[in-house]
>>> print(open('my_file37.csv').read())   # CSV, C-alpha atoms
chain,number,residue,atom,x,y,z
N,1,MET,CA,64.9,24.8,-73.5
N,2,LYS,CA,66.3,28.3,-73.4
N,3,ILE,CA,69.9,28.8,-72.4
N,4,LYS,CA,70.2,30.8,-69.2
N,5,THR,CA,73.0,33.4,-68.8
N,6,THR,CA,74.3,35.1,-65.7
N,7,GLU,CA,74.1,38.4,-67.6
N,8,GLN,CA,70.4,38.1,-68.3
N,9,TYR,CA,69.7,36.8,-64.7
N,10,ASN,CA,71.4,39.9,-63.3
N,11,ARG,CA,69.6,42.2,-65.7
N,12,ILE,CA,66.3,40.9,-64.4
N,13,ILE,CA,67.4,41.3,-60.8
N,14,GLN,CA,68.5,44.9,-61.5
N,15,GLY,CA,65.2,45.7,-63.3
N,16,ALA,CA,63.1,44.1,-60.5
N,17,THR,CA,65.1,46.1,-57.9
N,18,ALA,CA,64.3,49.3,-59.8
N,19,ILE,CA,60.6,48.5,-60.1
N,20,LEU,CA,60.3,47.5,-56.5
N,21,LEU,CA,62.0,50.7,-55.3
N,22,THR,CA,60.0,53.1,-57.5
N,23,GLU,CA,56.6,51.4,-57.5
N,24,GLY,CA,56.5,49.6,-54.1
N,25,LEU,CA,55.7,46.0,-53.4
N,26,ALA,CA,51.9,46.2,-53.9
N,27,ALA,CA,52.3,47.6,-57.5
N,28,PHE,CA,55.2,45.3,-58.4
N,29,SER,CA,54.6,43.0,-61.5
N,30,THR,CA,56.8,41.0,-63.9
N,31,THR,CA,55.1,42.9,-66.8
N,32,LYS,CA,56.6,46.2,-65.5
N,33,VAL,CA,60.0,44.6,-65.0
N,34,ALA,CA,59.9,43.2,-68.6
N,35,LYS,CA,58.9,46.6,-70.0
N,36,HIS,CA,61.6,48.4,-67.9
N,37,ILE,CA,64.5,46.2,-69.1
N,38,GLN,CA,62.9,45.7,-72.6
N,39,MET,CA,62.8,41.9,-72.3
N,40,ALA,CA,60.0,39.5,-73.2
N,41,GLN,CA,58.0,38.7,-70.1
N,42,SER,CA,58.1,35.0,-71.0
N,43,ASN,CA,61.9,35.1,-70.8
N,44,ILE,CA,61.7,36.2,-67.1
N,45,TYR,CA,59.8,33.0,-66.4
N,46,VAL,CA,62.7,31.0,-67.9
N,47,TYR,CA,64.7,32.3,-64.8
N,48,PHE,CA,62.0,32.6,-62.2
N,49,LYS,CA,58.9,30.4,-61.5
N,50,ASN,CA,56.6,33.4,-60.6
N,51,LYS,CA,56.5,36.9,-59.1
N,52,ASP,CA,57.2,35.7,-55.6
N,53,ASP,CA,60.2,33.6,-56.7
N,54,LEU,CA,61.6,36.7,-58.5
N,55,LEU,CA,61.1,38.8,-55.4
N,56,VAL,CA,62.7,36.3,-53.1
N,57,SER,CA,65.7,36.1,-55.5
N,58,VAL,CA,65.9,39.9,-55.4
N,59,PHE,CA,65.9,39.7,-51.6
N,60,ARG,CA,68.7,37.1,-51.6
N,61,TYR,CA,70.8,39.1,-54.0
N,62,HIS,CA,70.8,42.2,-51.8
N,63,GLN,CA,71.0,40.2,-48.6
N,64,LYS,CA,74.1,38.4,-49.9
N,65,LYS,CA,75.8,41.8,-50.7
N,66,TYR,CA,74.9,43.1,-47.3
N,67,ILE,CA,76.2,40.1,-45.4
N,68,GLN,CA,79.5,40.0,-47.4
N,69,PHE,CA,80.0,43.7,-46.8
N,70,LEU,CA,79.6,43.3,-43.0
N,71,VAL,CA,81.5,40.0,-42.7
N,72,ASP,CA,84.5,41.7,-44.4
N,73,ARG,CA,84.5,44.7,-42.1
N,74,ILE,CA,83.1,43.9,-38.6
N,75,ASP,CA,85.5,43.1,-35.9
N,76,LEU,CA,83.7,41.8,-32.8
N,77,SER,CA,87.0,40.8,-31.1
N,78,LEU,CA,87.5,44.5,-30.1
N,79,PRO,CA,86.6,45.6,-26.5
N,80,PRO,CA,82.8,45.7,-26.2
N,81,THR,CA,82.2,49.5,-26.7
N,82,ASP,CA,84.7,49.6,-29.6
N,83,ALA,CA,83.1,46.5,-31.2
N,84,LEU,CA,79.7,48.3,-30.9
N,85,ARG,CA,81.1,51.4,-32.5
N,86,ASN,CA,82.7,49.4,-35.3
N,87,LEU,CA,79.4,47.6,-35.9
N,88,VAL,CA,77.4,50.9,-36.0
N,89,SER,CA,79.9,52.6,-38.4
N,90,THR,CA,80.1,49.6,-40.7
N,91,LEU,CA,76.3,49.5,-41.0
N,92,ASP,CA,76.4,53.3,-41.6
N,93,GLU,CA,78.9,52.8,-44.4
N,94,PHE,CA,76.7,50.2,-46.0
N,95,HIS,CA,73.7,52.5,-45.6
N,96,ARG,CA,75.5,55.3,-47.3
N,97,THR,CA,76.9,53.3,-50.2
N,98,ASN,CA,74.2,50.7,-50.7
N,99,LYS,CA,71.0,52.3,-49.6
N,100,GLU,CA,69.0,50.5,-52.4
N,101,SER,CA,69.9,47.1,-51.0
N,102,LEU,CA,68.8,48.1,-47.5
N,103,ASP,CA,65.5,49.4,-48.9
N,104,VAL,CA,64.9,46.2,-50.8
N,105,ILE,CA,65.7,44.1,-47.7
N,106,TRP,CA,63.4,46.1,-45.5
N,107,SER,CA,60.5,46.3,-47.9
N,108,ILE,CA,60.5,42.6,-48.5
N,109,ARG,CA,60.8,41.7,-44.8
N,110,GLN,CA,57.8,43.9,-44.1
N,111,SER,CA,55.5,41.7,-46.3
N,112,THR,CA,53.6,39.1,-44.3
N,113,THR,CA,53.5,36.7,-47.3
N,114,LEU,CA,57.1,37.1,-48.5
N,115,ARG,CA,58.5,37.0,-45.0
N,116,GLN,CA,57.5,33.3,-44.9
N,117,LEU,CA,59.6,32.6,-48.1
N,118,ILE,CA,62.8,34.4,-47.1
N,119,PRO,CA,65.4,33.4,-44.5
N,120,LYS,CA,64.4,34.5,-41.0
N,121,VAL,CA,66.2,37.5,-39.5
N,122,SER,CA,67.5,35.1,-36.8
N,123,ASP,CA,69.1,33.0,-39.5
N,124,ASP,CA,71.0,36.0,-40.8
N,125,GLN,CA,74.8,35.5,-40.3
N,126,ILE,CA,75.2,39.0,-39.0
N,127,PHE,CA,72.4,38.6,-36.5
N,128,ILE,CA,73.9,35.3,-35.4
N,129,ALA,CA,77.4,36.9,-35.0
N,130,ILE,CA,76.0,39.8,-32.9
N,131,PHE,CA,73.8,37.4,-30.9
N,132,GLN,CA,76.9,35.2,-30.1
N,133,TRP,CA,79.0,38.3,-29.3
N,134,LEU,CA,76.4,39.5,-26.8
N,135,LYS,CA,76.2,36.0,-25.3
N,136,ASP,CA,79.9,35.9,-24.7
N,137,TRP,CA,79.9,39.2,-22.9
N,138,GLN,CA,76.8,38.3,-21.0
N,139,HIS,CA,78.8,35.3,-19.6
N,140,GLN,CA,81.5,37.7,-18.5
N,141,GLY,CA,78.8,39.8,-16.8
N,142,THR,CA,79.4,42.8,-19.1
N,143,VAL,CA,76.1,42.6,-21.0
N,144,ARG,CA,72.8,43.0,-19.2
N,145,GLN,CA,71.0,39.8,-18.2
N,146,LEU,CA,68.1,40.0,-20.6
N,147,PRO,CA,67.1,37.6,-23.4
N,148,LEU,CA,69.7,37.9,-26.2
N,149,MET,CA,66.9,37.8,-28.8
N,150,TYR,CA,65.5,41.0,-27.4
N,151,LEU,CA,68.9,42.7,-26.9
N,152,THR,CA,69.9,41.9,-30.5
N,153,ASN,CA,66.7,43.3,-31.8
N,154,LEU,CA,67.2,46.5,-29.8
N,155,VAL,CA,70.7,47.0,-31.3
N,156,PHE,CA,69.3,46.8,-34.8
N,157,SER,CA,66.2,48.9,-34.0
N,158,ALA,CA,68.4,51.7,-32.6
N,159,ILE,CA,70.5,51.7,-35.8
N,160,ILE,CA,67.5,51.3,-38.2
N,161,ASP,CA,65.6,54.1,-36.4
N,162,TYR,CA,68.5,56.3,-37.0
N,163,PHE,CA,68.7,55.5,-40.8
N,164,GLN,CA,65.0,55.9,-41.2
N,165,LEU,CA,64.9,59.4,-39.6
N,166,ILE,CA,67.8,60.4,-41.8
N,167,ASP,CA,66.3,59.0,-45.0
N,168,SER,CA,62.9,60.6,-44.3
N,169,LYS,CA,64.7,63.9,-43.6
N,170,GLU,CA,63.0,64.1,-40.2
N,171,MET,CA,66.5,64.5,-38.7
N,172,SER,CA,69.8,65.5,-40.3
N,173,PRO,CA,73.3,64.0,-39.6
N,174,ASN,CA,74.3,67.4,-38.2
N,175,GLU,CA,71.7,67.1,-35.5
N,176,LEU,CA,72.9,63.6,-34.6
N,177,ALA,CA,76.0,61.9,-36.0
N,178,ILE,CA,75.8,58.1,-36.1
N,179,GLU,CA,78.7,57.7,-33.6
N,180,GLU,CA,76.6,59.6,-31.1
N,181,ILE,CA,74.2,56.7,-30.8
N,182,VAL,CA,77.0,54.5,-29.3
N,183,PRO,CA,77.0,55.9,-25.7
N,184,PRO,CA,73.2,55.5,-25.2
N,185,LEU,CA,73.3,52.1,-26.8
N,186,SER,CA,76.2,51.1,-24.6
N,187,ALA,CA,74.2,52.2,-21.5
N,188,LEU,CA,71.4,50.0,-22.7
N,189,LEU,CA,73.5,46.9,-23.3
N,190,PHE,CA,76.3,47.0,-20.8
N,191,VAL,CA,76.2,47.1,-17.0
K,1,MET,CA,20.8,59.1,-52.3
K,2,LYS,CA,21.0,56.3,-49.9
K,3,ILE,CA,20.7,57.0,-46.1
K,4,LYS,CA,23.9,56.3,-44.2
K,5,THR,CA,23.7,54.7,-40.8
K,6,THR,CA,26.4,54.5,-38.1
K,7,GLU,CA,25.5,50.8,-37.7
K,8,GLN,CA,26.3,50.0,-41.3
K,9,TYR,CA,29.4,52.2,-41.3
K,10,ASN,CA,30.7,50.2,-38.3
K,11,ARG,CA,29.8,46.9,-39.9
K,12,ILE,CA,31.9,47.8,-42.9
K,13,ILE,CA,34.8,48.9,-40.6
K,14,GLN,CA,34.6,45.6,-38.7
K,15,GLY,CA,34.4,43.5,-41.9
K,16,ALA,CA,37.4,45.4,-43.4
K,17,THR,CA,39.4,44.9,-40.2
K,18,ALA,CA,38.7,41.1,-40.4
K,19,ILE,CA,39.7,40.9,-44.0
K,20,LEU,CA,42.8,43.0,-43.5
K,21,LEU,CA,44.0,40.8,-40.6
K,22,THR,CA,43.3,37.5,-42.3
K,23,GLU,CA,44.3,38.2,-45.9
K,24,GLY,CA,46.9,41.0,-45.5
K,25,LEU,CA,47.1,44.3,-47.2
K,26,ALA,CA,48.1,43.0,-50.7
K,27,ALA,CA,45.1,40.7,-51.0
K,28,PHE,CA,42.6,43.2,-49.4
K,29,SER,CA,39.6,44.1,-51.6
K,30,THR,CA,36.1,45.6,-51.1
K,31,THR,CA,34.7,42.5,-52.9
K,32,LYS,CA,36.0,40.4,-50.0
K,33,VAL,CA,34.7,42.8,-47.4
K,34,ALA,CA,31.2,42.8,-49.0
K,35,LYS,CA,31.1,39.0,-49.2
K,36,HIS,CA,32.3,38.7,-45.6
K,37,ILE,CA,29.6,41.0,-44.1
K,38,GLN,CA,27.0,39.9,-46.7
K,39,MET,CA,26.5,43.4,-48.0
K,40,ALA,CA,26.2,44.7,-51.6
K,41,GLN,CA,29.6,46.0,-52.7
K,42,SER,CA,27.9,49.1,-54.1
K,43,ASN,CA,26.7,49.9,-50.7
K,44,ILE,CA,30.3,50.1,-49.4
K,45,TYR,CA,30.9,52.8,-51.9
K,46,VAL,CA,28.1,54.8,-50.4
K,47,TYR,CA,30.3,55.1,-47.3
K,48,PHE,CA,33.8,55.1,-48.8
K,49,LYS,CA,35.1,56.6,-52.0
K,50,ASN,CA,37.4,53.7,-52.8
K,51,LYS,CA,39.6,51.0,-51.3
K,52,ASP,CA,42.2,53.4,-50.0
K,53,ASP,CA,39.6,55.6,-48.4
K,54,LEU,CA,38.2,52.5,-46.6
K,55,LEU,CA,41.6,51.5,-45.4
K,56,VAL,CA,42.4,54.9,-44.2
K,57,SER,CA,39.1,55.0,-42.3
K,58,VAL,CA,39.9,51.6,-40.8
K,59,PHE,CA,43.3,53.0,-39.7
K,60,ARG,CA,41.6,56.1,-38.1
K,61,TYR,CA,39.1,53.9,-36.3
K,62,HIS,CA,41.7,51.9,-34.6
K,63,GLN,CA,44.1,54.8,-34.1
K,64,LYS,CA,41.3,56.7,-32.2
K,65,LYS,CA,40.7,53.7,-29.9
K,66,TYR,CA,44.4,53.4,-29.2
K,67,ILE,CA,44.9,57.1,-28.5
K,68,GLN,CA,41.8,57.3,-26.2
K,69,PHE,CA,43.0,54.2,-24.3
K,70,LEU,CA,46.4,55.8,-23.6
K,71,VAL,CA,45.1,59.3,-23.0
K,72,ASP,CA,42.8,57.9,-20.3
K,73,ARG,CA,45.6,56.0,-18.5
K,74,ILE,CA,49.1,57.5,-19.0
K,75,ASP,CA,50.4,59.7,-16.2
K,76,LEU,CA,53.5,61.5,-17.3
K,77,SER,CA,53.5,63.7,-14.2
K,78,LEU,CA,55.1,60.8,-12.2
K,79,PRO,CA,58.8,60.8,-11.6
K,80,PRO,CA,60.7,59.9,-14.8
K,81,THR,CA,61.3,56.2,-14.3
K,82,ASP,CA,57.8,55.7,-12.8
K,83,ALA,CA,56.3,57.6,-15.8
K,84,LEU,CA,58.2,55.3,-18.2
K,85,ARG,CA,57.0,52.2,-16.3
K,86,ASN,CA,53.4,53.5,-16.5
K,87,LEU,CA,53.8,54.1,-20.2
K,88,VAL,CA,55.2,50.7,-20.8
K,89,SER,CA,52.5,48.9,-18.8
K,90,THR,CA,49.7,50.9,-20.4
K,91,LEU,CA,50.9,50.0,-23.9
K,92,ASP,CA,51.2,46.4,-22.7
K,93,GLU,CA,47.6,46.5,-21.5
K,94,PHE,CA,46.5,47.8,-24.8
K,95,HIS,CA,48.5,45.2,-26.7
K,96,ARG,CA,46.9,42.4,-24.6
K,97,THR,CA,43.3,43.6,-24.9
K,98,ASN,CA,43.4,45.2,-28.4
K,99,LYS,CA,46.0,43.3,-30.3
K,100,GLU,CA,43.9,43.6,-33.5
K,101,SER,CA,43.9,47.4,-33.4
K,102,LEU,CA,47.7,47.4,-33.1
K,103,ASP,CA,48.1,44.9,-35.9
K,104,VAL,CA,45.9,47.1,-38.2
K,105,ILE,CA,47.9,50.3,-37.2
K,106,TRP,CA,51.2,48.6,-37.9
K,107,SER,CA,50.2,47.0,-41.2
K,108,ILE,CA,48.8,50.2,-42.6
K,109,ARG,CA,51.8,52.3,-41.5
K,110,GLN,CA,54.1,49.9,-43.3
K,111,SER,CA,52.5,50.5,-46.6
K,112,THR,CA,54.4,53.1,-48.6
K,113,THR,CA,51.3,54.4,-50.4
K,114,LEU,CA,48.9,54.4,-47.5
K,115,ARG,CA,51.4,56.0,-45.2
K,116,GLN,CA,51.1,59.2,-47.2
K,117,LEU,CA,47.3,59.2,-46.6
K,118,ILE,CA,47.3,58.7,-42.8
K,119,PRO,CA,48.4,61.1,-40.1
K,120,LYS,CA,52.2,61.0,-39.5
K,121,VAL,CA,53.5,59.2,-36.5
K,122,SER,CA,54.9,62.5,-35.3
K,123,ASP,CA,51.3,64.0,-35.3
K,124,ASP,CA,50.1,61.2,-33.1
K,125,GLN,CA,48.9,62.7,-29.7
K,126,ILE,CA,50.7,60.1,-27.7
K,127,PHE,CA,53.9,60.6,-29.7
K,128,ILE,CA,53.6,64.3,-29.0
K,129,ALA,CA,53.0,63.8,-25.3
K,130,ILE,CA,56.1,61.6,-24.9
K,131,PHE,CA,58.1,64.0,-27.0
K,132,GLN,CA,57.1,66.9,-24.7
K,133,TRP,CA,57.7,64.8,-21.6
K,134,LEU,CA,61.3,63.9,-22.8
K,135,LYS,CA,61.8,67.6,-23.7
K,136,ASP,CA,60.9,68.8,-20.2
K,137,TRP,CA,63.2,66.3,-18.5
K,138,GLN,CA,65.9,67.1,-21.0
K,139,HIS,CA,65.7,70.7,-19.8
K,140,GLN,CA,66.2,69.5,-16.3
K,141,GLY,CA,69.3,67.6,-17.4
K,142,THR,CA,67.6,64.2,-16.6
K,143,VAL,CA,67.2,63.0,-20.2
K,144,ARG,CA,70.3,62.5,-22.4
K,145,GLN,CA,71.1,65.4,-24.8
K,146,LEU,CA,70.1,63.7,-28.0
K,147,PRO,CA,67.5,64.7,-30.6
K,148,LEU,CA,64.0,64.1,-29.1
K,149,MET,CA,62.8,62.6,-32.3
K,150,TYR,CA,65.4,59.9,-32.1
K,151,LEU,CA,64.8,59.3,-28.4
K,152,THR,CA,61.0,59.0,-28.8
K,153,ASN,CA,61.5,56.6,-31.7
K,154,LEU,CA,63.8,54.5,-29.5
K,155,VAL,CA,61.2,54.3,-26.7
K,156,PHE,CA,58.6,53.0,-29.1
K,157,SER,CA,61.0,50.6,-30.9
K,158,ALA,CA,62.0,49.0,-27.6
K,159,ILE,CA,58.3,48.4,-26.7
K,160,ILE,CA,57.3,47.3,-30.2
K,161,ASP,CA,60.3,44.9,-30.5
K,162,TYR,CA,59.0,43.3,-27.3
K,163,PHE,CA,55.5,42.9,-28.6
K,164,GLN,CA,56.7,41.5,-31.9
K,165,LEU,CA,58.9,38.9,-30.3
K,166,ILE,CA,56.0,37.8,-28.0
K,167,ASP,CA,53.5,37.7,-30.9
K,168,SER,CA,55.8,35.7,-33.1
K,169,LYS,CA,56.5,33.4,-30.2
K,170,GLU,CA,60.2,33.9,-30.5
K,171,MET,CA,60.2,34.9,-26.9
K,172,SER,CA,57.7,34.2,-24.0
K,173,PRO,CA,56.6,36.6,-21.3
K,174,ASN,CA,58.2,34.1,-18.8
K,175,GLU,CA,61.6,34.8,-20.3
K,176,LEU,CA,61.1,38.5,-20.2
K,177,ALA,CA,58.3,40.3,-18.4
K,178,ILE,CA,57.4,43.7,-20.0
K,179,GLU,CA,58.4,45.5,-16.7
K,180,GLU,CA,61.9,44.2,-17.2
K,181,ILE,CA,62.5,46.4,-20.2
K,182,VAL,CA,62.2,49.5,-18.0
K,183,PRO,CA,65.7,49.4,-16.4
K,184,PRO,CA,67.6,49.2,-19.7
K,185,LEU,CA,65.3,51.8,-21.3
K,186,SER,CA,65.9,54.1,-18.3
K,187,ALA,CA,69.7,53.6,-18.7
K,188,LEU,CA,69.3,54.6,-22.4
K,189,LEU,CA,67.2,57.7,-21.7
K,190,PHE,CA,68.3,59.1,-18.4
K,191,VAL,CA,71.7,60.3,-17.3
>>> encode(input="my_file37.csv", output="structure tokens")
Amino acid sequence: MKIKTTEQYNRIIQGATAILLTEGLAAFSTTKVAKHIQMAQSNIYVYFKNKDDLLVSVFRYHQKKYIQFLVDRIDLSLPPTDALRNLVSTLDEFHRTNKESLDVIWSIRQSTTLRQLIPKVSDDQIFIAIFQWLKDWQHQGTVRQLPLMYLTNLVFSAIIDYFQLIDSKEMSPNELAIEEIVPPLSALLFV
Amino acid sequence: MKIKTTEQYNRIIQGATAILLTEGLAAFSTTKVAKHIQMAQSNIYVYFKNKDDLLVSVFRYHQKKYIQFLVDRIDLSLPPTDALRNLVSTLDEFHRTNKESLDVIWSIRQSTTLRQLIPKVSDDQIFIAIFQWLKDWQHQGTVRQLPLMYLTNLVFSAIIDYFQLIDSKEMSPNELAIEEIVPPLSALLFV
């Protein structure tokens, strides 16, 4: 049996990330990853059972980074609108500094087959935290009486729509700064 | 040269739709389509240059159906909130009666490679109509002063999020009827 090292594991994850981002999910292969990092393809299979196992591990790697980043910075104990502003700017900071990780998370989540192998969005710690935060304010009558699942999705969609328009250059941050989405989002959530 | 018929063309489009919806984009192949509709694979290539050409044609077929449905029913000349309600319920009607078409449109739009071959979302007639509608009301001071591209995306996201939660059975229409998304969406759009 071959000895596994964290260094090699990470090299494979980085290589797989690069191939995924340049070639897309449909064209992704362990052959391409092996070539890119100059490693024997058989060695990749020492670490990962198959292509899907590698992709799920790539997802988990970036997901962990994302969750840690947010957990360290988000403060939902602030007054509702301030907490929302804090959430939006923290996600924006992650998007600016770790765009690759978000792209990996989104592209794997969009795959019908892989989606079944990765943790559900609703099991995501940040999703749960926001869900609970909305629930608490809903009890106080501050948040609109709509299903929390729908409200939580709306918050994420409003933020992700912003990033996607910026990334695709359909909109520039000069036209709309991320903080400017807070008032309409507040109007949507709070009564 | 083989004679092309509309009947055969449509049979291929229907077969390709069925394979796309059951197998997903990654596993889609003209071999599977040919087998499914019991037609020689070579005959498919009389109608379509390659797999991507077939997929783009499948997209256009469903997109046309979708746009025609909405163009026939949407009335944006109503007062703003009524027009929004009309839009939401028309999209809901299409979702209930033509779910397959929406699934095809979404799955092809999510593909990085195919997205470059299909019309852009912002060229979509319905998107343009809603964009223009928001623009007119923005001039009157009724719609929030935010980039129209972002506002239009938000309207679609709010509606699509609803459909996706219903389709995935994470939420039932008893918990939230589609009409109930109109007030929060109004609060978001209108000042």
>>> closest_atom_pairs(input="my_file37.csv", of="chain K", to="chain N", cutoff="9 Å", atoms="only C-alpha atoms", output="Markdown table")
| residue | atom | partner | partner_atom | distance |
| --- | --- | --- | --- | --- |
| K:Gly24 | CA | N:Thr112 | CA | 7.1 |
| K:Leu25 | CA | N:Ala26 | CA | 8.5 |
| K:Ala26 | CA | N:Ala26 | CA | 5.9 |
| K:Ser107 | CA | N:Gln110 | CA | 8.7 |
| K:Gln110 | CA | N:Gln110 | CA | 7.1 |
| K:Ser111 | CA | N:Ala26 | CA | 8.5 |
| K:Thr112 | CA | N:Gly24 | CA | 6.8 |
| K:Thr113 | CA | N:Gly24 | CA | 8.0 |
| K:Arg144 | CA | N:Pro184 | CA | 8.1 |
| K:Leu146 | CA | N:Leu176 | CA | 7.2 |
| K:Pro147 | CA | N:Leu176 | CA | 6.8 |
| K:Met149 | CA | N:Met171 | CA | 7.6 |
| K:Tyr150 | CA | N:Tyr162 | CA | 6.8 |
| K:Asn153 | CA | N:Asp161 | CA | 6.7 |
| K:Leu154 | CA | N:Ala158 | CA | 6.2 |
| K:Ser157 | CA | N:Ser157 | CA | 6.3 |
| K:Ala158 | CA | N:Leu154 | CA | 6.2 |
| K:Asp161 | CA | N:Asn153 | CA | 6.7 |
| K:Tyr162 | CA | N:Tyr150 | CA | 6.9 |
| K:Leu165 | CA | N:Tyr150 | CA | 7.5 |
| K:Glu170 | CA | N:Met149 | CA | 7.9 |
| K:Met171 | CA | N:Met149 | CA | 7.5 |
| K:Glu175 | CA | N:Pro147 | CA | 6.9 |
| K:Leu176 | CA | N:Pro147 | CA | 6.9 |
| K:Glu180 | CA | N:Leu146 | CA | 8.2 |
| K:Ile181 | CA | N:Leu146 | CA | 8.5 |
| K:Pro183 | CA | N:Leu188 | CA | 8.5 |
| K:Pro184 | CA | N:Leu188 | CA | 4.9 |
| K:Leu185 | CA | N:Leu188 | CA | 6.5 |
| K:Ser186 | CA | N:Leu188 | CA | 8.1 |
| K:Ala187 | CA | N:Ala187 | CA | 5.5 |
| K:Leu188 | CA | N:Pro184 | CA | 4.9 |
| K:Leu189 | CA | N:Pro184 | CA | 7.3 |
>>> atom_distance(input="my_file37.csv", atom1="CA of Val58 (chain N)", atom2="CA of Ile105 (chain K)")
27.6 Å
>>> atom_distance(input="my_file37.csv", atom1="CA of Lys65 (chain N)", atom2="CA of Ser101 (chain N)")
7.9 Å
>>> residues_around(input="my_file37.csv", residues="Val71 (chain N)", least_positions_apart="3", cutoff="12 Å", atoms="only C-alpha atoms", output="PyMOL selection string")
chain N and resi 64-68+74-76+87+90-91+94+124-130
>>> atom_distance(input="my_file37.csv", atom1="CA of Asp53 (chain K)", atom2="CA of Thr5 (chain K)")
17.6 Å
>>> residues_around(input="my_file37.csv", residues="Ala18 (chain K)", least_positions_apart="4", cutoff="12 Å", atoms="only C-alpha atoms", output="list of chain:residue names")
K:Arg11, K:Ile12, K:Ile13, K:Gln14, K:Thr22, K:Glu23, K:Gly24, K:Leu25, K:Phe28, K:Ser29, K:Thr30, K:Lys32, K:Val33, K:Ala34, K:Lys35, K:His36, K:Ile37, K:Leu55, K:Val58, K:Glu100, K:Ser101, K:Asp103, K:Val104
>>> residues_around(input="my_file37.csv", residues="Ser77 (chain N)", least_positions_apart="4", cutoff="10 Å", atoms="only C-alpha atoms", output="PyMOL selection string")
chain N and resi 82-83+133
>>> write_last_selection(input="my_file37.csv", atoms="C-alpha atoms", output="CSV table (one decimal), in the frame of the given file")
chain,number,residue,atom,x,y,z
N,82,ASP,CA,84.7,49.6,-29.6
N,83,ALA,CA,83.1,46.5,-31.2
N,133,TRP,CA,79.0,38.3,-29.3
>>> decode(input="my_file37.csv", residues="region 124-128 of chain N", atoms="all heavy atoms", output="JSON list (two decimals), in the first residue's frame")
[["chain", "number", "residue", "atom", "x", "y", "z"],
["N", 124, "ASP", "N", -25.89, 23.31, 5.18],
["N", 124, "ASP", "CA", -24.78, 24.24, 5.25],
["N", 124, "ASP", "C", -24.92, 25.09, 6.53],
["N", 124, "ASP", "O", -25.97, 25.66, 6.80],
["N", 124, "ASP", "CB", -24.90, 25.09, 3.96],
["N", 124, "ASP", "CG", -23.98, 26.28, 3.88],
["N", 124, "ASP", "OD1", -23.58, 26.81, 4.91],
["N", 124, "ASP", "OD2", -23.69, 26.68, 2.74],
["N", 125, "GLN", "N", -23.84, 25.14, 7.32],
["N", 125, "GLN", "CA", -23.87, 25.85, 8.62],
["N", 125, "GLN", "C", -24.31, 27.31, 8.50],
["N", 125, "GLN", "O", -24.97, 27.84, 9.39],
["N", 125, "GLN", "CB", -22.47, 25.85, 9.24],
["N", 125, "GLN", "CG", -22.10, 24.59, 9.97],
["N", 125, "GLN", "CD", -20.69, 24.72, 10.53],
["N", 125, "GLN", "OE1", -20.40, 25.62, 11.29],
["N", 125, "GLN", "NE2", -19.81, 23.83, 10.12],
["N", 126, "ILE", "N", -23.88, 27.95, 7.40],
["N", 126, "ILE", "CA", -24.22, 29.36, 7.24],
["N", 126, "ILE", "C", -25.71, 29.50, 6.92],
["N", 126, "ILE", "O", -26.39, 30.37, 7.44],
["N", 126, "ILE", "CB", -23.37, 29.99, 6.11],
["N", 126, "ILE", "CG1", -21.88, 29.89, 6.46],
["N", 126, "ILE", "CG2", -23.75, 31.44, 5.85],
["N", 126, "ILE", "CD1", -21.52, 30.55, 7.78],
["N", 127, "PHE", "N", -26.17, 28.59, 6.08],
["N", 127, "PHE", "CA", -27.59, 28.57, 5.75],
["N", 127, "PHE", "C", -28.42, 28.39, 7.02],
["N", 127, "PHE", "O", -29.39, 29.11, 7.26],
["N", 127, "PHE", "CB", -27.87, 27.44, 4.75],
["N", 127, "PHE", "CG", -29.23, 27.49, 4.12],
["N", 127, "PHE", "CD1", -29.42, 28.13, 2.89],
["N", 127, "PHE", "CD2", -30.33, 26.91, 4.75],
["N", 127, "PHE", "CE1", -30.67, 28.18, 2.31],
["N", 127, "PHE", "CE2", -31.58, 26.97, 4.16],
["N", 127, "PHE", "CZ", -31.76, 27.60, 2.94],
["N", 128, "ILE", "N", -27.99, 27.44, 7.86],
["N", 128, "ILE", "CA", -28.70, 27.17, 9.11],
["N", 128, "ILE", "C", -28.69, 28.40, 10.03],
["N", 128, "ILE", "O", -29.71, 28.76, 10.63],
["N", 128, "ILE", "CB", -28.09, 25.93, 9.83],
["N", 128, "ILE", "CG1", -28.31, 24.67, 8.97],
["N", 128, "ILE", "CG2", -28.67, 25.76, 11.23],
["N", 128, "ILE", "CD1", -27.50, 23.46, 9.42]]
